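The structure file query-v8.tsv is reproduced below (TSV, C-alpha atoms).
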chain	number	residue	atom	x	y	z
A	1	MET	CA	0.00	0.00	0.00
A	2	PHE	CA	1.37	3.39	-1.02
A	3	ASN	CA	0.50	6.93	-0.01
A	4	GLU	CA	1.89	9.88	-1.97
A	5	GLY	CA	4.42	7.59	-3.60
A	6	LYS	CA	5.72	6.20	-0.32
A	7	LEU	CA	5.39	2.66	0.99
A	8	ARG	CA	3.00	2.68	3.95
A	9	ALA	CA	2.08	-0.98	4.44
A	10	ALA	CA	2.77	-4.41	2.94
A	11	ASN	CA	2.59	-8.08	3.79
A	12	LEU	CA	5.68	-9.82	5.11
A	13	ASN	CA	6.39	-11.63	1.86
A	14	LYS	CA	6.52	-8.33	-0.05
A	15	LEU	CA	8.78	-6.71	2.53
A	16	MET	CA	11.15	-9.68	2.36
A	17	GLN	CA	11.17	-9.38	-1.43
A	18	ILE	CA	12.11	-5.70	-1.23
A	19	LEU	CA	14.73	-6.52	1.39
A	20	CYS	CA	16.43	-9.28	-0.59
A	21	ASP	CA	15.78	-8.56	-4.27
A	22	PRO	CA	18.70	-6.59	-5.78
A	23	GLN	CA	16.41	-4.66	-8.11
A	24	TYR	CA	15.19	-2.72	-5.07
A	25	SER	CA	18.70	-1.61	-4.12
A	26	ASN	CA	18.32	1.18	-6.68
A	27	THR	CA	16.36	3.90	-4.91
A	28	GLN	CA	15.01	5.13	-8.25
A	29	TYR	CA	13.20	1.83	-8.76
A	30	ALA	CA	9.42	2.20	-8.76
A	31	GLY	CA	9.64	5.97	-8.80
A	32	GLY	CA	11.91	6.23	-5.78
A	33	ARG	CA	9.35	4.74	-3.42
A	34	PHE	CA	11.98	2.92	-1.39
A	35	GLY	CA	14.50	4.98	0.55
A	36	ASP	CA	18.17	4.25	1.07
A	37	ASN	CA	17.48	3.24	4.65
A	38	PHE	CA	15.01	0.42	3.90
A	39	ILE	CA	17.40	-2.26	5.17
A	40	ASP	CA	18.11	-0.25	8.32
A	41	VAL	CA	14.41	0.20	9.06
A	42	PHE	CA	13.68	-3.48	8.54
A	43	ILE	CA	16.60	-4.66	10.68
A	44	LEU	CA	15.79	-2.28	13.53
A	45	THR	CA	12.05	-2.96	13.64
A	46	TYR	CA	11.49	-6.58	12.64
A	47	PRO	CA	11.00	-7.50	16.36
A	48	PHE	CA	7.61	-5.78	16.02
A	49	PHE	CA	6.32	-8.71	13.98
A	50	MET	CA	8.68	-11.71	14.25
A	51	ASN	CA	11.55	-13.12	16.28
A	52	SER	CA	15.15	-13.41	15.16
A	53	MET	CA	15.04	-17.13	14.44
A	54	ASP	CA	12.05	-16.72	12.12
A	55	PHE	CA	13.78	-13.84	10.35
A	56	LEU	CA	16.92	-15.92	9.86
A	57	ASP	CA	14.88	-18.79	8.43
A	58	LEU	CA	13.25	-16.43	5.92
A	59	LEU	CA	16.63	-15.08	4.85
A	60	ILE	CA	17.98	-18.61	4.40
A	61	LYS	CA	14.97	-19.50	2.23
A	62	ARG	CA	15.64	-16.43	0.11
A	63	TRP	CA	19.32	-17.37	-0.09
A	64	GLU	CA	18.47	-20.85	-1.37
A	65	PHE	CA	15.62	-19.66	-3.61
A	66	LYS	CA	15.96	-20.30	-7.36
A	67	THR	CA	13.37	-20.03	-10.09
A	68	PRO	CA	13.52	-22.08	-13.29
A	69	GLY	CA	15.72	-20.31	-15.78
A	70	MET	CA	17.25	-18.00	-13.19
A	71	LYS	CA	20.70	-16.96	-14.36
A	72	GLU	CA	23.79	-17.45	-12.21
A	73	ALA	CA	24.51	-13.72	-12.32
A	74	GLU	CA	21.05	-13.01	-10.89
A	75	ILE	CA	21.61	-15.50	-8.07
A	76	ILE	CA	24.96	-13.91	-7.23
A	77	LYS	CA	23.45	-10.42	-7.10
A	78	MET	CA	20.60	-11.61	-4.87
A	79	ARG	CA	23.04	-13.24	-2.46
A	80	GLU	CA	25.21	-10.13	-2.41
A	81	ARG	CA	22.13	-8.17	-1.41
A	82	ILE	CA	21.30	-10.68	1.34
A	83	SER	CA	24.92	-10.58	2.51
A	84	SER	CA	24.59	-6.82	2.98
A	85	VAL	CA	21.47	-7.51	5.06
A	86	LEU	CA	23.44	-9.96	7.22
A	87	PHE	CA	26.21	-7.42	7.79
A	88	LYS	CA	23.69	-4.76	8.75
A	89	TRP	CA	21.96	-7.21	11.09
A	90	VAL	CA	25.17	-7.94	12.98
A	91	GLU	CA	25.96	-4.22	13.14
A	92	LEU	CA	22.58	-2.96	14.36
A	93	GLN	CA	21.13	-5.88	16.33
A	94	PHE	CA	24.21	-7.49	17.84
A	95	SER	CA	22.35	-8.06	21.11
A	96	GLN	CA	20.48	-10.92	19.44
A	97	PHE	CA	23.76	-12.84	19.28
A	98	ILE	CA	24.39	-12.18	22.96
A	99	LYS	CA	20.92	-13.16	24.16
A	100	SER	CA	20.52	-16.49	22.39
A	101	GLU	CA	23.22	-19.12	21.97
A	102	GLU	CA	20.75	-21.18	19.92
A	103	PHE	CA	20.26	-18.31	17.46
A	104	THR	CA	24.00	-17.66	17.19
A	105	LYS	CA	24.62	-21.36	16.58
A	106	ARG	CA	22.01	-21.41	13.80
A	107	PHE	CA	23.49	-18.27	12.22
A	108	LEU	CA	27.00	-19.74	12.26
A	109	GLU	CA	25.73	-23.04	10.85
A	110	PHE	CA	24.32	-21.13	7.90
A	111	LEU	CA	27.63	-19.33	7.37
A	112	ASN	CA	29.56	-22.61	7.53
A	113	LYS	CA	27.20	-24.27	5.07
A	114	SER	CA	27.43	-21.31	2.70
A	115	GLN	CA	31.21	-21.46	2.88
A	116	ALA	CA	31.26	-25.21	2.27
A	117	ASN	CA	29.02	-25.05	-0.81
A	118	LYS	CA	30.77	-21.86	-1.98
A	119	SER	CA	27.53	-19.90	-2.18
A	120	MET	CA	29.01	-17.06	-0.09
A	121	ASP	CA	32.28	-15.24	-0.58
A	122	PRO	CA	34.77	-16.77	1.92
A	123	LYS	CA	35.91	-13.26	2.86
A	124	ASN	CA	32.35	-12.33	3.84
A	125	VAL	CA	32.01	-15.50	5.90
A	126	MET	CA	35.22	-14.74	7.78
A	127	ILE	CA	34.32	-11.08	8.35
A	128	LEU	CA	30.85	-11.98	9.64
A	129	LYS	CA	32.26	-14.63	11.98
A	130	ASN	CA	34.84	-12.20	13.34
A	131	LEU	CA	32.18	-9.52	13.83
A	132	ILE	CA	29.97	-11.93	15.77
A	133	LYS	CA	32.93	-13.02	17.89
A	134	GLU	CA	33.85	-9.40	18.56
A	135	LYS	CA	30.29	-8.33	19.38
A	136	THR	CA	29.68	-11.24	21.74
A	137	SER	CA	33.00	-10.89	23.56
A	138	PRO	CA	32.52	-10.02	27.27
A	139	ASN	CA	35.05	-7.21	26.85
A	140	SER	CA	33.36	-5.69	23.82
A	141	LYS	CA	31.98	-2.17	24.28
A	142	ASP	CA	31.00	-1.84	20.62
A	143	VAL	CA	32.80	1.50	20.41
A	144	VAL	CA	33.78	2.45	16.89
A	145	HIS	CA	35.80	5.63	17.33
A	146	MET	CA	38.90	5.75	19.50
A	147	VAL	CA	39.82	9.23	20.71
A	148	PRO	CA	42.81	10.58	22.67
A	149	LEU	CA	42.01	11.24	26.32
A	150	LEU	CA	42.18	14.74	27.75
A	151	PRO	CA	43.99	15.17	31.08
A	152	SER	CA	41.96	15.43	34.26
A	153	LEU	CA	41.25	18.78	35.92
A	154	PHE	CA	41.40	17.09	39.31
A	155	PRO	CA	44.81	17.23	41.02
A	156	ARG	CA	45.91	13.78	42.15
A	157	ASP	CA	48.71	12.60	44.38
A	158	ASP	CA	49.57	9.44	46.21
A	159	CYS	CA	47.64	10.27	49.37
A	160	GLN	CA	44.76	8.03	50.36
A	161	CYS	CA	42.69	10.87	51.80
A	162	TYR	CA	38.91	10.94	51.57
A	163	ILE	CA	37.55	12.70	48.49
A	164	GLY	CA	34.22	14.49	48.79
A	165	ILE	CA	32.01	16.25	46.28
A	166	LEU	CA	33.32	19.65	47.38
A	167	ASP	CA	36.89	18.64	46.52
A	168	ILE	CA	36.16	18.21	42.81
A	169	PRO	CA	35.69	21.05	40.28
A	170	PRO	CA	32.18	21.14	38.72
A	171	LEU	CA	33.59	20.59	35.22
A	172	GLU	CA	35.45	17.46	36.32
A	173	ILE	CA	32.32	16.11	38.00
A	174	ALA	CA	30.40	16.78	34.78
A	175	ARG	CA	33.09	14.97	32.80
A	176	GLN	CA	33.07	11.91	35.02
A	177	LEU	CA	29.27	11.77	35.08
A	178	SER	CA	29.29	11.98	31.29
A	179	VAL	CA	31.80	9.13	30.95
A	180	PHE	CA	29.69	6.88	33.16
A	181	GLU	CA	26.43	7.90	31.47
A	182	MET	CA	27.93	7.23	28.05
A	183	GLU	CA	28.80	3.67	29.08
A	184	LEU	CA	25.14	3.07	29.89
A	185	PHE	CA	23.99	4.84	26.73
A	186	ASP	CA	26.19	2.74	24.45
A	187	LYS	CA	24.99	-0.51	26.05
A	188	MET	CA	21.31	-0.04	25.16
A	189	PRO	CA	20.57	-2.29	22.14
A	190	PHE	CA	17.93	-1.16	19.70
A	191	ASP	CA	15.66	-4.15	20.26
A	192	GLU	CA	15.00	-2.94	23.83
A	193	PHE	CA	13.22	0.10	22.38
A	194	ILE	CA	10.70	-1.94	20.39
A	195	GLY	CA	7.20	-2.58	21.73
A	196	GLN	CA	7.44	-0.63	25.02
A	197	LYS	CA	9.11	-3.59	26.71
A	198	TRP	CA	10.67	-1.28	29.31
A	199	THR	CA	7.19	-0.52	30.71
A	200	LYS	CA	6.79	-4.18	31.70
A	201	ASN	CA	9.57	-3.64	34.27
A	202	ASN	CA	11.08	-7.01	33.33
A	203	VAL	CA	14.84	-6.75	33.71
A	204	ASP	CA	15.32	-9.74	31.39
A	205	TRP	CA	13.66	-7.89	28.50
A	206	THR	CA	15.25	-4.46	28.83
A	207	PRO	CA	18.10	-4.65	31.35
A	208	ASN	CA	20.01	-1.72	29.88
A	209	ILE	CA	17.11	0.71	29.58
A	210	LEU	CA	15.99	-0.15	33.11
A	211	ALA	CA	19.56	0.35	34.37
A	212	THR	CA	19.57	3.82	32.81
A	213	ILE	CA	16.19	4.65	34.35
A	214	LYS	CA	17.48	3.45	37.72
A	215	ARG	CA	20.52	5.68	37.30
A	216	PHE	CA	18.25	8.64	36.50
A	217	ASN	CA	16.24	8.07	39.67
A	218	LYS	CA	19.39	7.80	41.77
A	219	ILE	CA	20.91	11.07	40.55
A	220	SER	CA	17.62	12.96	40.70
A	221	GLY	CA	17.39	11.68	44.29
A	222	TRP	CA	21.05	12.37	45.05
A	223	ALA	CA	20.76	16.10	44.24
A	224	PRO	CA	18.16	16.94	46.92
A	225	ASP	CA	19.80	14.52	49.34
A	226	LEU	CA	23.08	16.38	48.92
A	227	VAL	CA	21.47	19.75	49.60
A	228	LEU	CA	19.62	18.61	52.71
A	229	ARG	CA	22.78	17.29	54.37
A	230	TRP	CA	23.82	20.85	55.23
A	231	ARG	CA	22.64	22.75	58.29
A	232	THR	CA	22.67	26.41	57.29
A	233	PRO	CA	20.99	28.26	54.39
A	234	GLU	CA	24.43	29.46	53.28
A	235	GLN	CA	25.74	25.90	53.01
A	236	ARG	CA	22.62	24.66	51.25
A	237	GLY	CA	22.67	27.63	48.87
A	238	PHE	CA	26.30	26.92	48.04
A	239	MET	CA	25.51	23.27	47.32
A	240	ILE	CA	22.53	24.19	45.12
A	241	GLY	CA	24.83	26.51	43.20
A	242	LYS	CA	27.43	23.76	42.79
A	243	LEU	CA	24.83	21.34	41.44
A	244	ILE	CA	23.64	23.99	38.98
A	245	ASP	CA	27.24	24.53	37.86
A	246	ILE	CA	27.66	20.77	37.33
A	247	ALA	CA	24.51	20.68	35.19
A	248	HIS	CA	25.66	23.78	33.29
A	249	ASN	CA	28.90	22.01	32.40
A	250	CYS	CA	26.93	18.96	31.31
A	251	ILE	CA	25.07	21.24	28.89
A	252	LYS	CA	28.40	22.27	27.39
A	253	LEU	CA	29.31	18.58	27.07
A	254	ASN	CA	25.96	17.79	25.38
A	255	ASN	CA	25.14	15.40	28.23
A	256	PHE	CA	21.45	16.23	28.35
A	257	GLU	CA	20.50	13.11	30.31
A	258	THR	CA	22.45	14.23	33.38
A	259	VAL	CA	21.22	17.82	33.05
A	260	VAL	CA	17.62	16.64	33.38
A	261	GLN	CA	18.58	14.34	36.26
A	262	ILE	CA	20.05	17.22	38.28
A	263	VAL	CA	17.41	19.81	37.37
A	264	SER	CA	14.66	17.31	38.28
A	265	GLY	CA	16.31	16.83	41.66
A	266	LEU	CA	16.51	20.57	42.30
A	267	GLU	CA	12.86	21.00	41.36
A	268	ASN	CA	11.77	18.48	43.96
A	269	SER	CA	9.35	20.25	46.31
A	270	ALA	CA	11.67	19.47	49.23
A	271	ILE	CA	14.26	21.76	47.61
A	272	SER	CA	12.10	24.34	45.85
A	273	ARG	CA	10.51	25.31	49.19
A	274	LEU	CA	13.86	26.26	50.78
A	275	LYS	CA	13.39	30.02	50.36
A	276	GLN	CA	16.22	31.02	52.69
A	277	SER	CA	18.61	28.65	50.96
A	278	TRP	CA	17.69	29.87	47.48
A	279	LEU	CA	18.42	33.45	48.57
A	280	LYS	CA	22.03	32.34	49.06
A	281	VAL	CA	22.38	30.85	45.59
A	282	PRO	CA	24.55	33.12	43.38
A	283	GLU	CA	22.57	35.09	40.79
A	284	LYS	CA	24.75	33.68	38.02
A	285	SER	CA	23.81	30.14	39.02
A	286	GLN	CA	20.13	31.03	39.27
A	287	ALA	CA	20.25	32.52	35.76
A	288	ARG	CA	21.87	29.34	34.47
A	289	LEU	CA	19.15	27.22	36.06
A	290	GLU	CA	16.45	29.33	34.41
A	291	LYS	CA	18.10	28.82	31.02
A	292	MET	CA	18.12	25.07	31.60
A	293	ARG	CA	14.44	25.13	32.56
A	294	ASN	CA	13.66	26.98	29.34
A	295	LEU	CA	15.76	24.55	27.30
A	296	PHE	CA	13.82	21.58	28.62
A	297	SER	CA	10.39	23.16	28.49
A	298	PRO	CA	7.79	20.66	27.20
A	299	MET	CA	6.04	23.48	25.33
A	300	GLU	CA	5.39	22.79	21.63
A	301	ASN	CA	6.50	19.19	21.98
A	302	TRP	CA	9.86	20.11	23.52
A	303	LYS	CA	10.65	22.28	20.52
A	304	THR	CA	13.51	24.25	22.13
A	305	TYR	CA	15.35	21.13	23.28
A	306	ARG	CA	14.75	19.23	20.04
A	307	ASN	CA	16.11	22.12	17.98
A	308	HIS	CA	19.14	22.44	20.24
A	309	LEU	CA	19.84	18.71	20.09
A	310	ALA	CA	19.69	18.79	16.30
A	311	SER	CA	22.26	21.59	16.24
A	312	VAL	CA	25.00	19.88	18.27
A	313	ASP	CA	27.59	17.31	17.21
A	314	PRO	CA	28.73	14.17	19.04
A	315	PRO	CA	29.82	13.26	21.59
A	316	GLY	CA	26.62	13.69	23.50
A	317	ILE	CA	23.83	11.92	25.35
A	318	PRO	CA	20.21	12.75	24.49
A	319	TYR	CA	17.54	12.76	27.17
A	320	LEU	CA	16.29	9.16	27.25
A	321	GLY	CA	12.98	9.97	28.94
A	322	LEU	CA	11.78	12.00	25.96
A	323	ILE	CA	12.82	9.29	23.50
A	324	LEU	CA	10.86	6.68	25.46
A	325	GLN	CA	7.87	9.03	25.71
A	326	THR	CA	7.91	9.68	21.96
A	327	LEU	CA	8.19	5.96	21.21
A	328	THR	CA	5.24	5.28	23.50
A	329	PHE	CA	3.06	7.85	21.73
A	330	SER	CA	4.06	6.40	18.36
A	331	ASP	CA	3.41	2.84	19.47
A	332	ASP	CA	0.03	3.63	21.02
A	333	GLY	CA	-1.12	5.64	18.01
A	334	ASN	CA	0.00	3.26	15.28
A	335	PRO	CA	-0.94	-0.44	15.30
A	336	ASN	CA	1.54	-2.98	13.99
A	337	ILE	CA	-1.03	-4.52	11.65
A	338	ILE	CA	-3.43	-2.52	9.44
A	339	ASN	CA	-5.74	-3.09	6.45
A	340	ASN	CA	-6.25	-6.83	6.39
A	341	ASN	CA	-3.02	-8.07	7.92
A	342	LEU	CA	-0.61	-5.63	6.29
A	343	LEU	CA	2.45	-4.66	8.32
A	344	ASN	CA	2.43	-0.96	9.15
A	345	TRP	CA	5.64	0.17	7.43
A	346	TYR	CA	4.89	3.81	8.25
A	347	LYS	CA	5.14	2.92	11.95
A	348	MET	CA	8.45	1.15	11.36
A	349	GLU	CA	9.91	4.20	9.62
A	350	LEU	CA	8.60	6.51	12.34
A	351	THR	CA	10.20	4.33	15.02
A	352	VAL	CA	13.60	4.46	13.32
A	353	GLN	CA	13.25	8.21	12.88
A	354	ILE	CA	12.79	8.52	16.66
A	355	LEU	CA	15.76	6.23	17.29
A	356	SER	CA	17.93	8.32	14.96
A	357	GLU	CA	18.90	10.46	17.97
A	358	ILE	CA	20.46	7.41	19.58
A	359	ARG	CA	22.14	6.27	16.37
A	360	ARG	CA	23.69	9.69	15.79
A	361	PHE	CA	25.39	9.87	19.19
A	362	ARG	CA	26.25	6.21	19.70
A	363	GLY	CA	29.86	5.15	19.28
A	364	HIS	CA	31.34	8.58	20.02
A	365	PRO	CA	32.95	8.34	23.48
A	366	TYR	CA	33.96	11.32	25.57
A	367	PRO	CA	37.73	12.01	25.50
A	368	PHE	CA	38.05	12.26	29.28
A	369	THR	CA	40.42	10.38	31.53
A	370	PRO	CA	38.46	8.23	34.01
A	371	ILE	CA	39.39	8.93	37.64
A	372	PRO	CA	38.71	5.87	39.82
A	373	GLU	CA	38.39	7.88	43.05
A	374	VAL	CA	35.82	10.21	41.51
A	375	ALA	CA	34.06	7.41	39.64
A	376	ASP	CA	33.56	5.51	42.89
A	377	LEU	CA	31.95	8.61	44.36
A	378	LEU	CA	29.62	9.14	41.39
A	379	GLN	CA	28.49	5.59	40.62
A	380	PHE	CA	26.07	5.61	43.56
A	381	GLU	CA	26.09	1.83	43.78
A	382	ASN	CA	25.29	1.91	47.49
A	383	PHE	CA	23.19	5.06	47.43
A	384	ALA	CA	19.51	4.62	48.26
A	385	PRO	CA	17.48	7.76	47.49
A	386	ARG	CA	15.16	8.99	50.21
A	387	SER	CA	11.48	8.89	49.40
A	388	ASP	CA	9.80	12.17	48.44
A	389	LYS	CA	7.93	12.04	51.73
A	390	LYS	CA	11.18	11.63	53.70
A	391	LEU	CA	12.88	14.41	51.71
A	392	PHE	CA	10.02	16.79	52.46
A	393	GLU	CA	10.04	15.93	56.15
A	394	ASP	CA	13.79	16.53	56.31
A	395	SER	CA	13.35	19.77	54.39
A	396	GLN	CA	10.85	21.02	56.96
A	397	MET	CA	13.30	20.16	59.73
A	398	VAL	CA	16.24	22.11	58.30
A	399	GLU	CA	14.09	25.05	57.24
A	400	PRO	CA	10.72	25.15	59.04
A	401	LYS	CA	7.86	27.00	57.41
A	402	VAL	CA	7.60	30.52	58.81
Taking this structure as input, can you express it in the form of structure tokens?
Amino acid sequence: MFNEGKLRAANLNKLMQILCDPQYSNTQYAGGRFGDNFIDVFILTYPFFMNSMDFLDLLIKRWEFKTPGMKEAEIIKMRERISSVLFKWVELQFSQFIKSEEFTKRFLEFLNKSQANKSMDPKNVMILKNLIKEKTSPNSKDVVHMVPLLPSLFPRDDCQCYIGILDIPPLEIARQLSVFEMELFDKMPFDEFIGQKWTKNNVDWTPNILATIKRFNKISGWAPDLVLRWRTPEQRGFMIGKLIDIAHNCIKLNNFETVVQIVSGLENSAISRLKQSWLKVPEKSQARLEKMRNLFSPMENWKTYRNHLASVDPPGIPYLGLILQTLTFSDDGNPNIINNNLLNWYKMELTVQILSEIRRFRGHPYPFTPIPEVADLLQFENFAPRSDKKLFEDSQMVEPKV
């Protein structure tokens, strides 16, 4: 089914034909109805309508498919096209090879068979095997670009003294938070974003997204906790200012996830009610906070933030919460199946468009030297955020309502 010259829906057999038939590799075919990213869209969204083993079986059938009178040159071109699909599959959905040993075994059996009967270029077989081995290695971080590390701003010596948050410059804290956040960001495989699996709260389905959400909750709970540890308005005002400065530096590093974490923590009612403490926050810091609030305003579908994100270059970390929210709206508003069992290709393209923010920033690590002492302080492995009720009670104790 087409709308304004664009593919909007089709049955699975037709989509597999477009995916594997070399005549569709030319984007001008059929009036340019099929974009350059057709393979990408299919690979990223096939979990909407089938599992990986079924997809592999369909590809193998296409690989072995021959019609009477089909020329050898046509078979070679078709298999070259399918080979490109296999390469893209390993690149974009490598988590499938980590999750299922049975699937990986079946995939490798196909490669070995294709090598034995000489139906696949031996070089392609070797490259695919090496890619799978690399992707499934416990030490693999799937980072493409290696960058030289910048020196730390934090003075270090051989002393074993205690390091606290006040000992570290805001920019260095922002750097270390960004390094840790990027590790989580790069670990999230694309299949975890399909079908709102993260809302089921099943750690087996979306362990990496849930780990990132848990991290968000910890930092947004850490910010008010940090402020309320101090006894005087001057001390609390200073700490609020420091947190704002950390978030401001995260803005400059394009780490928008951590910015929202900290700003959310400062906007907790337990902190926003501290009038005497806010009077002690430097005007410069207050102005920075207001700019951050404006940047992340939800007005006009987060227009200001979306425009800003589109204008910056990697490295960076987009705000995950908005991506998940946008995916949820898309998923709820667009069924997988439409018009007599046709797969909703428009929904698949829309999903990949939303995920483009992740694809653009993935694989571009921050060039900052990790500092173990600071990292230990900022991982929050043993930190348990206070409940909102407890935070508010503690807030009333340190600054009673007048």
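Going from atom CA of Phe216 of chain A over to atom CA of Arg236 of chain A, you cover 22.2 Å.
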(message) Considering only C-alpha atoms, can you say which of A:Asn208, A:Asn307, A:Thr199, A:Ser297 comes closest to Lys187 of chain A?
(response)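 The answer is A:Asn208, which sits nearest to Lys187 of chain A.
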(message) Give me the residues near segment 379-388 of chain A as a ChimeraX atom specification, where near means some atom within 9 Å (using only C-alpha atoms) and where sequence neighbours in that chain fewer than 2 positions away do not count.
(response) /A:177,180,215,217-222,225,268-270,374-377,390-393
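Checking A:Asn201, A:Asn130, A:Gln176, A:Gln353 one by one against Glu373 of chain A, counting all atoms listed in the file, you find the shortest gap at A:Gln176.
Interatomic distance, atom CA of Phe238 of chain A against atom CA of Ala174 of chain A: 17.2 Å.
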(request) Give the answer as one residue: which of A:Trp198, A:Met1, A:Phe368, A:Lys275 has the shortest atom-to-atom distance to Lys14 of chain A, using all atoms listed in the file? (result)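 Between A:Trp198, A:Met1, A:Phe368, A:Lys275, the residue approaching Lys14 of chain A most closely is A:Met1.
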(request) Quote the spacing between atom CA of Ala10 of chain A and atom CA of Met53 of chain A in Å to one decimal place. (result)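 Distance reported for this atom pair: 21.1 Å.
For the residues A:Leu253, A:Leu320, A:Met348, A:Leu226, ranking by smallest atom-to-atom distance to Leu210 of chain A using only C-alpha atoms places A:Leu320 first.
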(request) Considering only C-alpha atoms, state which residue in the set A:Asn51, A:Gln17, A:Asn301, A:Gln93 is at the smallest distance from Trp63 of chain A. (result) A:Gln17
(request) Please provide the set of residues having any atom within 12 Å of Tyr46 of chain A, restricted to all atoms listed in the file, with same-chain residues fewer than 2 positions apart removed, written as a PyMOL selection string. (result) chain A and resi 12+15-16+19+38-44+48-56+89+92-93+190-191+193-195+336+343-345+347-349+351-352
(request) Considering only C-alpha atoms, return as a PyMOL selection string whatever protein or nucleic-acid residues lie within 12 Å of Gly316 of chain A, sequence-local ones (same chain, fewer than 2 positions apart) excluded. (result) chain A and resi 175+178-179+181-183+185-186+250-259+308-314+318-320+357-367
Please write the residues from the selection above to a file, keeping C-alpha atoms, as a compact mmCIF listing (two decimals), in the frame of the given file.
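Generated file (part05.txt):
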# COMPACT_ATOMS: atom_id res chain seq x y z
CA ARG A 175 33.09 14.97 32.80
CA SER A 178 29.29 11.98 31.29
CA VAL A 179 31.80 9.13 30.95
CA GLU A 181 26.43 7.90 31.47
CA MET A 182 27.93 7.23 28.05
CA GLU A 183 28.80 3.67 29.08
CA PHE A 185 23.99 4.84 26.73
CA ASP A 186 26.19 2.74 24.45
CA CYS A 250 26.93 18.96 31.31
CA ILE A 251 25.07 21.24 28.89
CA LYS A 252 28.40 22.27 27.39
CA LEU A 253 29.31 18.58 27.07
CA ASN A 254 25.96 17.79 25.38
CA ASN A 255 25.14 15.40 28.23
CA PHE A 256 21.45 16.23 28.35
CA GLU A 257 20.50 13.11 30.31
CA THR A 258 22.45 14.23 33.38
CA VAL A 259 21.22 17.82 33.05
CA HIS A 308 19.14 22.44 20.24
CA LEU A 309 19.84 18.71 20.09
CA ALA A 310 19.69 18.79 16.30
CA SER A 311 22.26 21.59 16.24
CA VAL A 312 25.00 19.88 18.27
CA ASP A 313 27.59 17.31 17.21
CA PRO A 314 28.73 14.17 19.04
CA PRO A 318 20.21 12.75 24.49
CA TYR A 319 17.54 12.76 27.17
CA LEU A 320 16.29 9.16 27.25
CA GLU A 357 18.90 10.46 17.97
CA ILE A 358 20.46 7.41 19.58
CA ARG A 359 22.14 6.27 16.37
CA ARG A 360 23.69 9.69 15.79
CA PHE A 361 25.39 9.87 19.19
CA ARG A 362 26.25 6.21 19.70
CA GLY A 363 29.86 5.15 19.28
CA HIS A 364 31.34 8.58 20.02
CA PRO A 365 32.95 8.34 23.48
CA TYR A 366 33.96 11.32 25.57
CA PRO A 367 37.73 12.01 25.50
(request) Considering all atoms listed in the file, state which residue in the set A:Asp394, A:Glu102, A:Glu74, A:Asp332 is at the smallest distance from Arg229 of chain A. (result) A:Asp394
Might I get the box with edges along x, y and z of the file that holds all atoms of segment 341-354 of chain A listed there, padded by 3 Å on every side, given as centre and edge lengths in Å to one decimal, as JSON?
{"center_x": 5.3, "center_y": 0.2, "center_z": 11.5, "size_x": 22.6, "size_y": 22.6, "size_z": 16.4}
(message) Taking 4 positions as the minimum chain separation for residues in the same chain, which residues sit within 12 Å of Lys105 of chain A when counting only C-alpha atoms? Answer as a PyMOL selection string.
(response) chain A and resi 53+56+96-101+109-112+129+132-133
For the selection just defined, write its residues with C-alpha atoms to a file, as a PDB file, in the coordinates of the input.
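Saved the output as part35.pdb:
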ATOM      1  CA  MET A  53      15.040 -17.130  14.440  1.00  0.00           C
ATOM      2  CA  LEU A  56      16.920 -15.920   9.860  1.00  0.00           C
ATOM      3  CA  GLN A  96      20.480 -10.920  19.440  1.00  0.00           C
ATOM      4  CA  PHE A  97      23.760 -12.840  19.280  1.00  0.00           C
ATOM      5  CA  ILE A  98      24.390 -12.180  22.960  1.00  0.00           C
ATOM      6  CA  LYS A  99      20.920 -13.160  24.160  1.00  0.00           C
ATOM      7  CA  SER A 100      20.520 -16.490  22.390  1.00  0.00           C
ATOM      8  CA  GLU A 101      23.220 -19.120  21.970  1.00  0.00           C
ATOM      9  CA  GLU A 109      25.730 -23.040  10.850  1.00  0.00           C
ATOM     10  CA  PHE A 110      24.320 -21.130   7.900  1.00  0.00           C
ATOM     11  CA  LEU A 111      27.630 -19.330   7.370  1.00  0.00           C
ATOM     12  CA  ASN A 112      29.560 -22.610   7.530  1.00  0.00           C
ATOM     13  CA  LYS A 129      32.260 -14.630  11.980  1.00  0.00           C
ATOM     14  CA  ILE A 132      29.970 -11.930  15.770  1.00  0.00           C
ATOM     15  CA  LYS A 133      32.930 -13.020  17.890  1.00  0.00           C
TER      16      LYS A 133
END
